[in-house]
Each structure stands twice: as structure tokens, then as C-alpha cells.
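What follows is a single structure, written as C-alpha cells, with notes after it.
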Amino acid sequence: MISIVIFFIVAIVISSGGIGPQKIGFKYWKKPGAFADSINGVAKTFVIAGTLYAGTEMVGITAGESGNPRRDVPRAIRQVFWRILIFYVGMMFFIGILIPYNDPNLLAAGSRTARSPLTIALLNAGIEPAASLINGLIVISVISAGNSSLYVASRSLLFMSRNGKAPKFLGRTNKHGVPWVALLFSNFFACIAFISQSSGGGTVYNALITLSGG
């Protein structure tokens with residue numbers, strides 16, 4: 001969160017011309033345009049937003065292992081609104097100012113990999129060390145998100161197994177109560193990440209986003 005706040009400050013300086021080769025302002029909102037793809041672009045954004053909202057069930061799942069769910073769950077829910085408003089909406093606002101939607105470094109259907117919009121914005125401004133730092137933070141964030149996803153997936157499989165909705169072997173736990181079988185089973189599907197090495201990785205990614213956001 002600290003790094004995102006720092007990025008907001010740097011983005012304001014870049015946009016105003018304090019850093020980088022030129023003053024950007026809101027010129028990308030005019031050319032190529034903020035809503036150049038009309039309703040199609042808005043619809044695609046809602047699909048991706050729906051995918052991101054899929055993580056909210058984590059609050060309910062972690063409540064079962066919380067030391068004080070009566071206190072912790074309401075606190076976590078109250079934080080969701082502010083995090084979405086400040087970090088999600090704020091991030092999209094500054095990214096929309098600093099780079100155009102048709103930047104060639106962004107993910108496209110035929111892309112194998114894509115740079116982070118934050119990295120692109122900092123590289124365009126000539127701040128290469130900060131861009132490398134952002135990449136490092138992204139790696140840490142991805143590991144954290146992956147860890148959270150494995151937690152939710154393994155606990156969900158454990159619950160389903162014990163309620164007869166999944167094979168019983170998925171409900172096995174060690175002496176500490178960790179569902180290790182369900183965890184290994186969930187990790188198996190993490191191999192789908194290797195699709196990014198394919199020439200059609202962008203197409204597969206868009207298909208997965210569409211399925212999960214629908």
C-alpha cells in the first residue's frame with residue numbers, strides 16, 4: 001500500500017512534467033481517447049472488475065480460522081470499500097493518465113508476456129530504477145496472491161470433501177490441521193501459469209478472464 005501511495009505522488013509529478021521528457025496532463029484522454037472503444041471497452045472493464053471481486057469470499061473462509069471472527073470479519077469488510085475506492089479506482093485513474101490504452105507493451109491477443117502498466121509509465125518517464133523496484137514488488141504481490149488463492153482453494157475442497165461434494169481423500173489433514181492433499185491438488189492447477197510461454201498466452205488469458213468474470 002505504501003508503494004502504491006508513492007506511485008500516486010510520482011504519477012502526479014510525471015503528469016505535470018516534473019519528471020520525464022514531456023508534460024502529459026490529460027492528453028491521452030483526448031488522443032487516442034479514454035473511451036475510444038465505446039461501450040465495448042466499458043463492458044470489458046466490468047468483466048475484469050467482476051473477476052477481481054471473486055476474492056471477497058476469502059473473508060468468509062478465513063473467518064473459520066480467525067481468533068475473534070466477531071471482531072475481525074466486520075473490520076475486514078469495512079476496509080474493502082476504501083481499498084477499492086483508493087487503490088483500485090485511484091490506480092486506474094493514474095494509469096489512464098500516464099499511458100494510452102493502445103500502448104504496444106500492454107497485453108494483446110497475440111502477446112506472450114506483457115509489462116505492468118506501472119512499469120511502462122515509469123520507463124516512459126525515464127525512471128528505470130523505480131521500474132525495476134515496481135517489478136520486484138509485483139513479484140512479491142503475485143506470490144502473496146497465489147498463497148491466498150491456494151489457501152482458499154484448499155479450504156474449500158476440504159469443506160466439500162467433508163460434506164460429500166468432493167472425493168474423501170481431499171479431506172485429509174496433518175496433525176496441525178493443514179489439508180495437505182487439497183493443497184497439493186490445488187497446486188496442480190497452478191501449472192496453468194505456464195500457458196504464458198505460449199504464443200497464444202494472451203488469448204487464453206482473455207478467455208479465462210471472460211469465464212471467471214461471467
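Chain identifiers are assigned as A, B, and so on, following the order in which chains appear in the C-alpha cells; residues are numbered from 1 within each chain, and ligands are numbered from 1 in order of appearance.
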**OP:** Per DSSP on the backbone, filter segment 78-198 of chain A down to the residues in alpha helix (DSSP H) and report them as a ChimeraX atom specification.
**Re:** /A:78-83,90-98,117-124,128-162,180-189
Original post:
Can you list, as a ChimeraX atom specification, every protein, DNA or RNA residue that comes within 10 Å of segment 60-76 of chain A when you count only C-alpha atoms, leaving out same-chain residues fewer than 3 positions away?
Top reply: /A:56-57,79-81,151-153,155-156
Subject >> All residues 12 Å or closer to Asn135 of chain A, only C-alpha atoms, same chain fewer than 2 positions away omitted, as a list in words >> reply: Ser3, Ala114, Arg115, Ser116, Pro117, Leu118, Thr119, Ile120, Leu122, Leu123, Glu128, Pro129, Ala130, Ala131, Ser132, Leu133, Leu137, Ile138, Val139, Ile140, Ser141 and Val142 of chain A
Got time to write the residues from that selection, C-alpha atoms, as a PDB file, in the first residue's frame?
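Okay, result_36.pdb is ready:
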ATOM      1  CA  SER A   3       4.369   1.687  -2.705  1.00  0.00           C
ATOM      2  CA  ALA A 114       3.172  -8.051 -21.030  1.00  0.00           C
ATOM      3  CA  ARG A 115       4.739  -5.390 -18.859  1.00  0.00           C
ATOM      4  CA  SER A 116       2.920  -3.913 -15.923  1.00  0.00           C
ATOM      5  CA  PRO A 117       1.252  -0.561 -16.711  1.00  0.00           C
ATOM      6  CA  LEU A 118       3.132   0.869 -13.724  1.00  0.00           C
ATOM      7  CA  THR A 119       6.443  -0.278 -15.172  1.00  0.00           C
ATOM      8  CA  ILE A 120       5.593   1.136 -18.605  1.00  0.00           C
ATOM      9  CA  LEU A 122       7.935   4.748 -15.147  1.00  0.00           C
ATOM     10  CA  LEU A 123      10.078   3.587 -18.085  1.00  0.00           C
ATOM     11  CA  GLU A 128      14.389   2.801 -14.794  1.00  0.00           C
ATOM     12  CA  PRO A 129      15.448   2.025 -11.164  1.00  0.00           C
ATOM     13  CA  ALA A 130      11.893   2.712  -9.956  1.00  0.00           C
ATOM     14  CA  ALA A 131      10.531   0.491 -12.745  1.00  0.00           C
ATOM     15  CA  SER A 132      12.760  -2.360 -11.570  1.00  0.00           C
ATOM     16  CA  LEU A 133      11.577  -1.789  -7.993  1.00  0.00           C
ATOM     17  CA  LEU A 137       7.027  -5.506  -5.710  1.00  0.00           C
ATOM     18  CA  ILE A 138       4.790  -7.102  -8.330  1.00  0.00           C
ATOM     19  CA  VAL A 139       6.586 -10.432  -7.870  1.00  0.00           C
ATOM     20  CA  ILE A 140       6.007 -10.228  -4.107  1.00  0.00           C
ATOM     21  CA  SER A 141       2.342  -9.330  -4.675  1.00  0.00           C
ATOM     22  CA  VAL A 142       1.880 -12.249  -7.076  1.00  0.00           C
TER      23      VAL A 142
END
Original post:
Nearest to Ile6 of chain A among A:Ile77, A:Lys27, A:Gly126, A:Ile134, with distances taken over only C-alpha atoms: which residue is it?
Top reply: A:Ile134
I'd like the contact shell of Val181 of chain A - 12 Å cut-off, only C-alpha atoms, skipping same-chain residues fewer than 3 positions apart - returned as a PDB file with N, CA and C atoms, in the first residue's frame.
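result12.pdb written:
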ATOM      1  N   LEU A 150      -4.325 -20.352  -2.940  1.00  0.00           N
ATOM      2  CA  LEU A 150      -4.137 -21.745  -2.517  1.00  0.00           C
ATOM      3  C   LEU A 150      -4.817 -22.008  -1.180  1.00  0.00           C
ATOM      4  N   ALA A 153      -8.618 -22.181  -1.964  1.00  0.00           N
ATOM      5  CA  ALA A 153      -8.952 -23.377  -2.745  1.00  0.00           C
ATOM      6  C   ALA A 153      -8.859 -24.638  -1.890  1.00  0.00           C
ATOM      7  N   SER A 154      -7.797 -24.754  -1.095  1.00  0.00           N
ATOM      8  CA  SER A 154      -7.610 -25.963  -0.282  1.00  0.00           C
ATOM      9  C   SER A 154      -8.665 -26.060   0.816  1.00  0.00           C
ATOM     10  N   ARG A 155      -9.014 -24.940   1.444  1.00  0.00           N
ATOM     11  CA  ARG A 155     -10.051 -24.980   2.497  1.00  0.00           C
ATOM     12  C   ARG A 155     -11.418 -25.274   1.899  1.00  0.00           C
ATOM     13  N   LEU A 157     -11.994 -27.098  -0.806  1.00  0.00           N
ATOM     14  CA  LEU A 157     -12.007 -28.523  -1.126  1.00  0.00           C
ATOM     15  C   LEU A 157     -12.160 -29.370   0.131  1.00  0.00           C
ATOM     16  N   LEU A 158     -11.537 -28.930   1.229  1.00  0.00           N
ATOM     17  CA  LEU A 158     -11.675 -29.643   2.495  1.00  0.00           C
ATOM     18  C   LEU A 158     -13.130 -29.669   2.948  1.00  0.00           C
ATOM     19  N   SER A 161     -15.183 -31.891   0.650  1.00  0.00           N
ATOM     20  CA  SER A 161     -14.898 -33.309   0.888  1.00  0.00           C
ATOM     21  C   SER A 161     -15.650 -33.829   2.108  1.00  0.00           C
ATOM     22  N   PRO A 167     -14.259 -35.807  -3.549  1.00  0.00           N
ATOM     23  CA  PRO A 167     -13.666 -37.070  -3.077  1.00  0.00           C
ATOM     24  C   PRO A 167     -13.141 -36.974  -1.650  1.00  0.00           C
ATOM     25  N   LYS A 168     -13.307 -38.062  -0.885  1.00  0.00           N
ATOM     26  CA  LYS A 168     -12.949 -38.037   0.534  1.00  0.00           C
ATOM     27  C   LYS A 168     -11.447 -37.843   0.773  1.00  0.00           C
ATOM     28  N   PHE A 169     -10.602 -38.306  -0.168  1.00  0.00           N
ATOM     29  CA  PHE A 169      -9.158 -38.199   0.068  1.00  0.00           C
ATOM     30  C   PHE A 169      -8.701 -36.738   0.134  1.00  0.00           C
ATOM     31  N   LEU A 170      -9.500 -35.820  -0.430  1.00  0.00           N
ATOM     32  CA  LEU A 170      -9.151 -34.405  -0.384  1.00  0.00           C
ATOM     33  C   LEU A 170      -9.340 -33.816   1.007  1.00  0.00           C
ATOM     34  N   GLY A 171      -9.993 -34.544   1.891  1.00  0.00           N
ATOM     35  CA  GLY A 171     -10.240 -34.054   3.242  1.00  0.00           C
ATOM     36  C   GLY A 171      -9.177 -34.452   4.246  1.00  0.00           C
ATOM     37  N   ARG A 172      -8.111 -35.092   3.798  1.00  0.00           N
ATOM     38  CA  ARG A 172      -7.051 -35.496   4.716  1.00  0.00           C
ATOM     39  C   ARG A 172      -6.255 -34.284   5.196  1.00  0.00           C
ATOM     40  N   THR A 173      -5.914 -34.280   6.493  1.00  0.00           N
ATOM     41  CA  THR A 173      -5.125 -33.200   7.071  1.00  0.00           C
ATOM     42  C   THR A 173      -3.983 -33.783   7.891  1.00  0.00           C
ATOM     43  N   ASN A 174      -2.971 -32.954   8.157  1.00  0.00           N
ATOM     44  CA  ASN A 174      -1.890 -33.393   9.035  1.00  0.00           C
ATOM     45  C   ASN A 174      -2.251 -33.072  10.485  1.00  0.00           C
ATOM     46  N   GLY A 177      -3.731 -29.714  11.244  1.00  0.00           N
ATOM     47  CA  GLY A 177      -4.983 -29.355  10.619  1.00  0.00           C
ATOM     48  C   GLY A 177      -4.862 -28.792   9.219  1.00  0.00           C
ATOM     49  N   VAL A 178      -3.672 -28.888   8.614  1.00  0.00           N
ATOM     50  CA  VAL A 178      -3.467 -28.380   7.261  1.00  0.00           C
ATOM     51  C   VAL A 178      -3.931 -29.417   6.249  1.00  0.00           C
ATOM     52  N   LEU A 184      -2.019 -29.798  -2.321  1.00  0.00           N
ATOM     53  CA  LEU A 184      -1.274 -30.324  -3.472  1.00  0.00           C
ATOM     54  C   LEU A 184      -2.158 -30.363  -4.715  1.00  0.00           C
ATOM     55  N   PHE A 185      -3.405 -30.751  -4.522  1.00  0.00           N
ATOM     56  CA  PHE A 185      -4.348 -30.805  -5.646  1.00  0.00           C
ATOM     57  C   PHE A 185      -4.554 -29.410  -6.245  1.00  0.00           C
ATOM     58  N   SER A 186      -4.657 -28.398  -5.386  1.00  0.00           N
ATOM     59  CA  SER A 186      -4.825 -27.018  -5.859  1.00  0.00           C
ATOM     60  C   SER A 186      -3.579 -26.533  -6.582  1.00  0.00           C
ATOM     61  N   ASN A 187      -2.413 -26.932  -6.055  1.00  0.00           N
ATOM     62  CA  ASN A 187      -1.147 -26.540  -6.684  1.00  0.00           C
ATOM     63  C   ASN A 187      -1.012 -27.093  -8.088  1.00  0.00           C
ATOM     64  N   PHE A 188      -1.612 -28.241  -8.323  1.00  0.00           N
ATOM     65  CA  PHE A 188      -1.541 -28.856  -9.652  1.00  0.00           C
ATOM     66  C   PHE A 188      -2.105 -27.921 -10.713  1.00  0.00           C
TER      67      PHE A 188
END
Subject >> Selection near Ser16 of chain A, 6 Å with only C-alpha atoms, sequence-local residues under 3 positions removed, as a ChimeraX atom specification >> reply: /A:13,23,25
Now that the selection is made, can you save its residues with N, CA and C atoms as an mmCIF file, in the first residue's frame?
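The result, written out as result03.cif:
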data_model
loop_
_atom_site.group_PDB
_atom_site.id
_atom_site.type_symbol
_atom_site.label_atom_id
_atom_site.label_comp_id
_atom_site.auth_asym_id
_atom_site.auth_seq_id
_atom_site.Cartn_x
_atom_site.Cartn_y
_atom_site.Cartn_z
ATOM 1 N N VAL A 13 3.589 13.974 -10.392
ATOM 2 C CA VAL A 13 4.784 14.722 -10.820
ATOM 3 C C VAL A 13 5.077 14.464 -12.303
ATOM 4 N N LYS A 23 5.344 17.090 -20.603
ATOM 5 C CA LYS A 23 4.182 17.232 -19.743
ATOM 6 C C LYS A 23 3.032 16.451 -20.375
ATOM 7 N N GLY A 25 -0.226 15.617 -18.761
ATOM 8 C CA GLY A 25 -1.569 16.117 -18.469
ATOM 9 C C GLY A 25 -2.627 15.067 -18.740
#
Original post:
Which residues, written as a PyMOL selection string, have at least one atom at most 9 Å from Met91 of chain A, with only C-alpha atoms counted and residues fewer than 4 positions away on the same chain left out?
Top reply: chain A and resi 4+7-8+86-87+95-96
